[in-house]
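K.L.:
Below is the file work.txt, which contains compact mmCIF, C-alpha atoms and all ligand atoms.
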```txt
# COMPACT_ATOMS: atom_id res chain seq x y z
CA MET A 183 -6.30 18.51 4.07
CA ALA A 184 -8.95 20.65 2.31
CA ASP A 185 -11.67 18.41 0.90
CA ASP A 186 -12.37 20.48 -2.17
CA ALA A 187 -12.93 17.90 -4.89
CA PRO A 188 -15.16 14.84 -5.25
CA HIS A 189 -13.53 11.63 -4.00
CA PHE A 190 -12.61 8.91 -6.46
CA ALA A 191 -14.94 5.89 -6.65
CA PHE A 192 -12.21 3.37 -5.86
CA GLY A 193 -14.64 0.53 -5.25
CA ASP A 194 -16.34 0.96 -8.61
CA ASN A 195 -12.95 0.74 -10.31
CA TRP A 196 -12.17 -2.47 -8.37
CA LYS A 197 -15.56 -3.90 -9.31
CA HIS A 198 -14.63 -3.49 -12.98
CA PHE A 199 -11.19 -4.94 -12.36
CA VAL A 200 -12.65 -8.16 -11.00
CA ALA A 201 -15.46 -8.34 -13.57
CA ASP A 202 -13.19 -7.74 -16.57
CA HIS A 203 -9.74 -8.94 -15.58
CA PHE A 204 -9.83 -11.43 -12.69
CA SER A 205 -7.76 -14.55 -13.25
CA GLU A 206 -6.03 -17.13 -11.09
CA GLU A 207 -2.78 -16.07 -12.76
CA ARG A 208 -3.22 -12.56 -11.31
CA VAL A 209 -3.80 -14.04 -7.84
CA SER A 210 -0.58 -15.99 -8.03
CA ILE A 211 1.36 -12.94 -9.32
CA ALA A 212 -0.05 -10.86 -6.44
CA GLN A 213 0.90 -13.61 -4.00
CA LYS A 214 4.44 -13.89 -5.36
CA HIS A 215 5.00 -10.14 -5.05
CA MET A 216 3.60 -10.04 -1.52
CA LEU A 217 5.50 -13.09 -0.22
CA SER A 218 8.71 -11.93 -1.82
CA PHE A 219 8.61 -8.59 0.01
CA LEU A 220 7.59 -10.28 3.25
CA GLY A 221 10.53 -12.66 2.77
CA ARG A 222 8.34 -15.71 3.27
CA ASN A 223 7.38 -18.83 1.32
CA ASP A 224 3.88 -18.90 2.74
CA LEU A 225 1.66 -17.38 5.45
CA LYS A 226 0.87 -20.61 7.29
CA GLY A 227 -0.17 -19.96 10.86
CA LYS A 228 -0.16 -16.17 10.38
CA THR A 229 -3.03 -13.74 10.81
CA PHE A 230 -3.38 -11.20 8.00
CA LEU A 231 -5.16 -7.85 8.16
CA ASP A 232 -5.77 -6.15 4.79
CA ILE A 233 -6.51 -2.46 5.36
CA GLY A 234 -8.17 -0.90 2.32
CA CYS A 235 -8.55 -4.25 0.57
CA GLY A 236 -9.82 -2.74 -2.73
CA SER A 237 -10.52 -5.64 -5.10
CA GLY A 238 -9.61 -8.19 -2.43
CA LEU A 239 -6.95 -9.72 -4.70
CA HIS A 240 -4.26 -9.56 -2.01
CA SER A 241 -6.53 -10.95 0.67
CA LEU A 242 -7.25 -13.82 -1.68
CA ALA A 243 -3.52 -14.22 -2.27
CA ALA A 244 -3.01 -14.34 1.52
CA PHE A 245 -5.75 -16.97 1.84
CA ASP A 246 -4.10 -19.08 -0.86
CA ALA A 247 -0.75 -18.64 0.89
CA GLY A 248 -2.24 -20.42 3.90
CA ALA A 249 -2.93 -17.52 6.28
CA ALA A 250 -4.64 -18.85 9.41
CA LYS A 251 -7.04 -15.92 9.57
CA ILE A 252 -7.72 -13.05 7.19
CA VAL A 253 -9.58 -9.85 7.97
CA SER A 254 -10.13 -7.47 5.07
CA PHE A 255 -11.78 -4.10 5.33
CA ASP A 256 -12.40 -1.09 3.17
CA VAL A 257 -14.33 2.12 3.57
CA ASP A 258 -15.97 1.76 0.15
CA PRO A 259 -18.96 -0.63 0.00
CA ASP A 260 -18.13 -1.56 -3.61
CA SER A 261 -14.67 -2.69 -2.53
CA VAL A 262 -16.27 -4.72 0.26
CA HIS A 263 -18.71 -6.41 -2.16
CA THR A 264 -15.95 -7.07 -4.68
CA THR A 265 -13.77 -8.65 -1.99
CA GLU A 266 -16.77 -10.76 -0.92
CA SER A 267 -17.12 -11.96 -4.50
CA LEU A 268 -13.49 -13.15 -4.45
CA ARG A 269 -13.98 -14.90 -1.11
CA ALA A 270 -17.00 -16.66 -2.63
CA ARG A 271 -14.67 -18.10 -5.30
CA ARG A 272 -12.97 -20.05 -2.48
CA GLY A 273 -16.26 -21.24 -0.98
CA ASP A 274 -16.67 -18.51 1.66
CA PRO A 275 -14.10 -19.90 4.14
CA LYS A 276 -14.86 -19.22 7.79
CA ASN A 277 -11.36 -17.91 8.52
CA TRP A 278 -11.81 -14.90 6.18
CA THR A 279 -13.83 -11.96 7.48
CA ILE A 280 -14.68 -8.91 5.36
CA LEU A 281 -15.86 -5.66 6.93
CA GLN A 282 -16.77 -2.16 5.89
CA GLY A 283 -14.99 0.47 7.93
CA SER A 284 -12.43 3.22 7.95
CA VAL A 285 -8.88 3.10 9.21
CA LEU A 286 -9.58 6.58 10.61
CA ASP A 287 -12.45 5.29 12.78
CA LYS A 288 -10.96 4.29 16.13
CA GLU A 289 -14.22 2.72 17.37
CA PHE A 290 -14.28 0.47 14.33
CA LEU A 291 -10.61 -0.44 14.75
CA ALA A 292 -11.17 -1.32 18.40
CA GLN A 293 -13.25 -4.34 17.28
CA LEU A 294 -10.35 -5.78 15.30
CA ALA A 295 -7.84 -8.25 16.68
CA PRO A 296 -4.20 -7.25 16.05
CA ALA A 297 -2.57 -9.30 13.30
CA ASP A 298 0.81 -10.85 12.54
CA ILE A 299 0.83 -9.13 9.16
CA VAL A 300 -0.81 -5.73 8.75
CA TYR A 301 -0.98 -5.05 5.03
CA SER A 302 -1.96 -1.67 3.65
CA TRP A 303 -0.87 -1.16 0.09
CA GLY A 304 -1.63 2.14 -1.64
CA VAL A 305 -4.37 3.05 0.83
CA LEU A 306 -3.39 5.36 3.66
CA HIS A 307 -2.46 8.26 1.34
CA HIS A 308 -6.05 8.14 0.04
CA THR A 309 -7.75 8.60 3.41
CA GLY A 310 -7.43 12.39 3.65
CA ASP A 311 -5.44 12.04 6.90
CA MET A 312 -2.39 9.98 5.99
CA TRP A 313 -0.27 10.28 9.13
CA ASN A 314 -3.13 9.46 11.49
CA ALA A 315 -4.03 6.56 9.20
CA VAL A 316 -0.47 5.22 9.40
CA ALA A 317 -0.49 5.58 13.18
CA ASN A 318 -3.89 3.84 13.48
CA ALA A 319 -2.82 0.98 11.21
CA ALA A 320 0.31 0.41 13.28
CA THR A 321 -1.79 -0.14 16.41
CA LEU A 322 -3.14 -3.29 14.74
CA MET A 323 0.18 -5.16 14.76
CA VAL A 324 0.74 -7.91 17.31
CA PRO A 325 4.05 -7.63 19.20
CA GLY A 326 6.55 -9.19 16.83
CA GLY A 327 4.27 -8.64 13.84
CA VAL A 328 5.08 -6.76 10.65
CA PHE A 329 3.51 -3.82 8.88
CA TYR A 330 3.66 -3.97 5.06
CA LEU A 331 2.93 -0.41 4.00
CA ALA A 332 2.95 1.21 0.55
CA LEU A 333 2.67 4.98 0.19
CA TYR A 334 3.03 7.37 -2.72
CA THR A 335 6.40 8.99 -2.85
CA THR A 336 6.76 12.76 -3.06
CA THR A 337 8.23 14.03 -6.32
CA GLN A 338 8.57 17.42 -7.97
CA GLN A 339 5.41 16.58 -9.89
CA SER A 340 3.33 15.96 -6.75
CA PRO A 341 1.51 19.33 -6.90
CA SER A 342 0.59 18.76 -10.53
CA TYR A 343 -0.57 15.18 -9.76
CA LEU A 344 -2.90 16.64 -7.15
CA ARG A 345 -4.36 19.12 -9.67
CA ILE A 346 -4.84 16.36 -12.26
CA LYS A 347 -6.67 14.14 -9.78
CA LYS A 348 -9.02 16.92 -8.75
CA ARG A 349 -9.68 17.78 -12.40
CA TYR A 350 -10.34 14.12 -13.25
CA ASN A 351 -12.88 13.70 -10.46
CA ARG A 352 -14.75 16.83 -11.52
CA ALA A 353 -14.70 15.86 -15.22
CA THR A 354 -17.62 14.52 -17.26
CA PRO A 355 -17.36 10.86 -18.34
CA LEU A 356 -16.26 11.98 -21.82
CA LEU A 357 -13.55 14.25 -20.46
CA LYS A 358 -12.37 11.44 -18.18
CA ARG A 359 -11.88 9.17 -21.23
CA ALA A 360 -9.94 11.99 -22.93
CA MET A 361 -7.68 12.40 -19.88
CA GLU A 362 -7.08 8.64 -19.78
CA PHE A 363 -6.22 8.61 -23.50
CA ARG A 364 -3.84 11.53 -23.07
CA HIS A 365 -2.15 9.84 -20.09
CA VAL A 366 -1.65 6.58 -21.98
CA VAL A 367 -0.27 8.33 -25.06
CA ARG A 368 1.98 10.67 -23.16
CA HIS A 369 3.26 8.46 -20.37
CA THR A 370 3.37 5.04 -21.97
CA VAL A 371 3.28 5.23 -25.75
CA LEU A 372 5.51 8.26 -26.36
CA THR A 373 7.76 7.59 -23.39
CA GLY A 374 8.19 3.97 -24.51
CA LEU A 375 8.88 4.86 -28.12
CA LEU A 376 11.40 7.51 -27.13
CA ALA A 377 13.14 5.01 -24.84
CA GLY A 378 13.23 2.43 -27.64
CA THR A 379 10.89 0.00 -25.85
CA ASN A 380 7.61 -1.43 -27.07
CA PRO A 381 4.86 0.40 -25.15
CA PHE A 382 2.25 -2.17 -26.13
CA ARG A 383 4.36 -4.89 -24.59
CA THR A 384 4.60 -2.74 -21.41
CA ILE A 385 0.80 -2.58 -21.31
CA ARG A 386 0.41 -6.29 -22.07
CA GLU A 387 2.90 -7.29 -19.39
CA TYR A 388 1.75 -4.80 -16.77
CA LYS A 389 -0.02 -7.53 -14.78
CA LYS A 390 3.35 -9.12 -13.99
CA LEU A 391 3.99 -6.42 -11.40
CA ARG A 392 1.30 -7.08 -8.78
CA GLY A 393 -1.39 -8.82 -10.80
CA MET A 394 -3.08 -5.50 -11.57
CA SER A 395 -4.61 -4.26 -14.84
CA TYR A 396 -2.96 -1.42 -16.73
CA MET A 397 -6.14 0.58 -17.50
CA VAL A 398 -7.65 0.01 -14.05
CA ASP A 399 -4.43 1.39 -12.55
CA VAL A 400 -4.42 4.34 -14.97
CA ARG A 401 -7.92 5.27 -13.72
CA ASP A 402 -6.90 4.68 -10.11
CA TRP A 403 -3.87 6.89 -10.64
CA LEU A 404 -5.71 9.71 -12.44
CA GLY A 405 -8.66 9.62 -10.05
CA GLY A 406 -7.06 8.63 -6.76
CA TYR A 407 -8.21 11.50 -4.56
CA PRO A 408 -7.90 12.21 -1.59
CA TYR A 409 -4.20 12.16 -2.32
CA GLU A 410 -1.11 12.69 -0.19
CA ASP A 411 2.46 11.54 -0.54
CA ALA A 412 5.62 11.32 1.54
CA ARG A 413 9.34 11.07 1.16
CA VAL A 414 11.05 7.94 2.45
CA GLU A 415 12.83 9.83 5.21
CA GLU A 416 9.56 11.40 6.42
CA VAL A 417 7.94 7.98 6.70
CA LEU A 418 10.93 6.43 8.43
CA ARG A 419 11.29 9.32 10.86
CA PHE A 420 7.57 9.27 11.65
CA CYS A 421 7.58 5.50 12.14
CA ARG A 422 10.70 5.50 14.27
CA ARG A 423 9.92 8.48 16.48
CA LYS A 424 6.15 8.37 16.74
CA LEU A 425 5.37 4.70 16.35
CA ARG A 426 8.60 3.05 17.53
CA LEU A 427 8.77 1.04 14.33
CA GLU A 428 11.98 0.11 12.56
CA LEU A 429 12.48 -0.68 8.93
CA ILE A 430 13.12 -4.25 7.82
CA ASP A 431 12.96 -3.66 4.09
CA LEU A 432 12.24 -0.97 1.55
CA ALA A 433 11.44 -0.89 -2.18
CA THR A 434 11.62 2.45 -3.93
CA GLY A 435 11.46 3.77 -7.46
CA GLY A 436 7.79 3.29 -8.35
CA ALA A 437 4.91 5.62 -7.65
CA ASN A 438 4.53 3.80 -4.32
CA ASN A 439 7.39 3.11 -1.94
CA GLU A 440 6.98 -0.19 -0.11
CA TYR A 441 8.01 -0.38 3.56
CA LEU A 442 8.28 -3.45 5.76
CA LEU A 443 8.30 -2.40 9.40
CA GLN A 444 8.38 -4.04 12.79
CA HIS A 445 8.36 -2.87 16.40
CA THR A 446 11.69 -1.98 17.90
CA ALA A 447 12.83 -4.70 20.31
CA ALA A 448 12.01 -2.53 23.32
CA THR A 449 8.54 -1.72 22.02
CA ALA A 450 7.77 -5.35 21.24
CA ALA A 451 8.85 -6.28 24.77
CA ALA A 452 6.76 -3.48 26.27
CA LEU A 453 3.70 -4.53 24.27
CA ALA A 454 4.13 -8.18 25.11
CA SER A 455 4.53 -7.46 28.84
CA PRO A 456 3.24 -3.97 29.54
CA VAL A 457 3.66 -4.11 33.31
CA THR A 458 7.25 -5.31 33.65
CA ALA A 459 8.97 -4.37 30.43
CA PRO A 460 10.76 -1.01 30.12
CA ALA A 461 9.08 1.67 28.07
CA ALA A 462 10.26 1.99 24.48
CA THR A 463 12.87 4.64 23.97
CA LEU A 464 14.42 6.27 20.97
CA SER A 465 17.69 4.56 21.77
CA ALA A 466 16.12 1.11 21.68
CA PRO A 467 18.27 -1.35 19.74
CA ALA A 468 17.36 -1.77 16.09
CA PRO A 469 15.63 -5.05 15.30
CA ALA A 470 17.36 -7.66 13.22
CA ASN A 471 17.04 -6.83 9.58
CA ARG A 472 17.95 -8.84 6.59
CA GLY A 473 20.81 -6.75 5.26
CA LEU A 474 18.55 -3.83 4.50
CA LYS A 475 18.28 -3.12 0.82
CA PHE A 476 16.69 -0.60 -1.48
CA VAL A 477 14.86 -2.27 -4.33
CA THR A 478 14.99 0.37 -7.02
CA LYS A 479 12.47 0.31 -9.81
CA THR A 480 12.35 2.42 -12.93
CA SER A 481 9.04 4.23 -13.23
CA TRP A 482 6.89 6.17 -15.58
CA ALA A 483 4.49 8.81 -14.45
CA GLY A 484 2.42 7.30 -11.75
CA LEU A 485 2.58 3.61 -12.51
CA PRO A 486 5.32 1.30 -11.31
CA LEU A 487 7.53 -0.82 -13.52
CA PRO A 488 9.31 -4.05 -12.65
CA THR A 489 12.16 -4.05 -10.19
CA SER A 490 15.30 -3.30 -12.11
CA ARG A 491 18.05 -3.64 -9.53
CA THR A 492 18.75 -4.23 -5.88
CA ARG A 493 21.40 -2.31 -4.00
CA ASP A 494 22.61 -3.14 -0.53
CA LEU A 495 22.87 -0.33 1.97
CA GLN A 496 25.30 -0.12 4.86
CA PRO A 497 25.46 -3.44 6.74
CA THR A 498 23.95 -1.85 9.84
CA GLY A 499 20.78 -1.19 7.88
CA ARG A 500 20.85 2.47 8.88
CA ILE A 501 19.13 4.94 6.59
CA PRO A 502 21.22 7.86 5.34
CA PRO A 503 20.74 11.10 7.32
CA VAL A 504 17.63 13.10 6.61
CA LYS A 505 18.32 16.39 4.87
CA GLN A 506 14.94 18.12 4.87
CA VAL A 507 12.03 17.36 7.13
CA PRO A 508 8.88 19.48 7.00
CA HIS A 509 8.39 19.97 10.73
CA ASP A 510 4.86 21.22 10.26
CA ILE A 511 3.55 17.71 9.78
CA PHE A 512 5.17 16.34 12.93
CA ASP A 513 4.59 17.43 16.46
CA PHE A 514 7.86 16.25 17.95
C1 LIG A 601 -5.59 2.35 -4.47
S1 LIG A 601 -6.72 1.33 -3.64
C2 LIG A 601 -5.64 0.01 -3.08
C3 LIG A 601 -6.37 -1.30 -2.93
C4 LIG A 601 -5.53 -2.48 -2.50
N1 LIG A 601 -4.90 -2.27 -1.20
C5 LIG A 601 -4.50 -2.84 -3.53
O1 LIG A 601 -3.31 -2.88 -3.21
O2 LIG A 601 -4.87 -3.12 -4.67
C6 LIG A 601 -7.10 2.23 -2.15
C7 LIG A 601 -8.22 1.59 -1.35
O3 LIG A 601 -8.25 2.25 -0.09
C8 LIG A 601 -9.59 2.37 0.31
N2 LIG A 601 -9.69 3.41 1.35
C9 LIG A 601 -9.62 4.76 1.19
N3 LIG A 601 -9.79 5.38 2.37
C10 LIG A 601 -9.95 4.41 3.30
C11 LIG A 601 -10.17 4.42 4.70
N4 LIG A 601 -10.29 5.57 5.40
N5 LIG A 601 -10.29 3.24 5.35
C12 LIG A 601 -10.21 2.07 4.67
N6 LIG A 601 -10.02 1.99 3.33
C13 LIG A 601 -9.88 3.14 2.66
C14 LIG A 601 -10.30 2.71 -0.99
O4 LIG A 601 -11.68 2.52 -0.91
C15 LIG A 601 -9.59 1.77 -1.96
O5 LIG A 601 -10.25 0.54 -2.08
```
Write the structure described by the file as structure tokens, please.
P.N.:
Amino acid sequence: MADDAPHFAFGDNWKHFVADHFSEERVSIAQKHMLSFLGRNDLKGKTFLDIGCGSGLHSLAAFDAGAAKIVSFDVDPDSVHTTESLRARRGDPKNWTILQGSVLDKEFLAQLAPADIVYSWGVLHHTGDMWNAVANAATLMVPGGVFYLALYTTTQQSPSYLRIKKRYNRATPLLKRAMEFRHVVRHTVLTGLLAGTNPFRTIREYKKLRGMSYMVDVRDWLGGYPYEDARVEEVLRFCRRKLRLELIDLATGGANNEYLLQHTAATAAALASPVTAPAATLSAPAPANRGLKFVTKTSWAGLPLPTSRTRDLQPTGRIPPVKQVPHDIFDF
């Protein structure tokens, strides 16, 4: 990916999020969203690895949910400091470690213990090397663990999103405010009014999604560069063929698709007992899923809206056949 625009200062945005918007209510909303997708009531006894922790809100939510051990890391020092400030709110517990490092840095990753829950929400598409980042993150799952991944979905507007992000990062502070104003008017106020909904209510209630702040997410969306995206079938094919991961659950419809993945049974066995277990194969049996479903959300340019409906797929949990796969990004 050509690195031809300044990168977005994610950590600075998260610093402002915590300074201006942090509340215990947001932590519990974040926790509810996370536990609901994981299909759990709590994280007791589980180890949790937060890759690209940003504000640290979800690491804090994992701590409150009883995770036995939390490791949070981010490449941006401001994100690291902001996450440290949230840990300090809980008295700097010994079972929560915060590190600065990149998911693309294999030497750094080698120091980390694999975790029961590898969580990387809205991160790996911002690394500049998304597929390697996904592959690296997956190496940090324990056998039998899960990978909670959220990645931007490809749409017809993706090329224009990329141009907007580059323009935003090159803009003066004044021009940035103008772009933010235009985005809010165009994508929330006008869209809401035309749809007969109250856009100011949408903004007020935005935190109910994942505990986030509307304006912080507008800036993250406009600025979030490096930027890549992927279609669901690309992610599933990559995970199945390259990483031997199978889908447990999927939520689509927002700017980010959420994926819950686990090792195929054969891979988990091979990892747990590398000497005796058979090597993972493409024909390995699919892991148990929970009646795989698509959670479809309505969306407006770039920012997700609440889940609007849930639709069950075929009982086998199989994903419909892939129609188009850009072979240039895969080497198999
Ligand atoms: C959009 S934010 C998401 C933050 C958080 N996961 C959340 O859900 O709110 C993306 C985060 O990924 C971090 N990031 C980008 N590239 C990274 C890399 N190579 N390694 C680790 N973190 C990275 C950024 O610094 C930023 O904090």
K.L.:
What is the atom N2 of ligand LIG 601 (chain A) to CA of Gln282 in chain A distance in Å?
P.N.:
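Result for atom N2 of ligand LIG 601 (chain A) versus CA of Gln282 in chain A: 10.1 Å, one decimal.
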K.L.:
When the cut-off is 9 Å and you count only C-alpha atoms and all ligand atoms, which residues lie near ligand LIG 601 (chain A), shown as a PyMOL selection string?
P.N.:
chain A and resi 190-196+232-240+255-262+282-287+301-311+315+332+392+394+399+402-403+406-408
K.L.:
Excluding Gly327 in chain A and any residue of its chain fewer than 4 positions from it, enumerate the residues within 9 Å of it, using all atoms listed in the file, and give them as a PyMOL selection string.
P.N.:
chain A and resi 296-300+323+443-445+450
K.L.:
As an exercise, work out the distance from CA of Arg386 in chain A to CA of Ile346 in chain A in Å and give it to one decimal place.
P.N.:
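According to the coordinates, CA of Arg386 in chain A and CA of Ile346 in chain A are separated by 25.2 Å.
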K.L.:
At a cut-off of 10 Å, using only C-alpha atoms, what residues contact Lys226 in chain A? Leave out same-chain residues fewer than 3 positions from it and give the result as a list in words.
P.N.:
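In the requested format, the answer is Arg222, Asn223, Thr229, Ala244, Phe245, Asp246, Ala247, Gly248, Ala249, Ala250 and Lys251 of chain A.
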K.L.:
Using all atoms listed in the file, pick whichever of A:Ser342, A:Leu404, A:Ala319, A:Thr264 has the shortest atom-to-atom distance to His365 in chain A.
P.N.:
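Going through A:Ser342, A:Leu404, A:Ala319, A:Thr264 one by one, the smallest distance to His365 in chain A is for A:Leu404.
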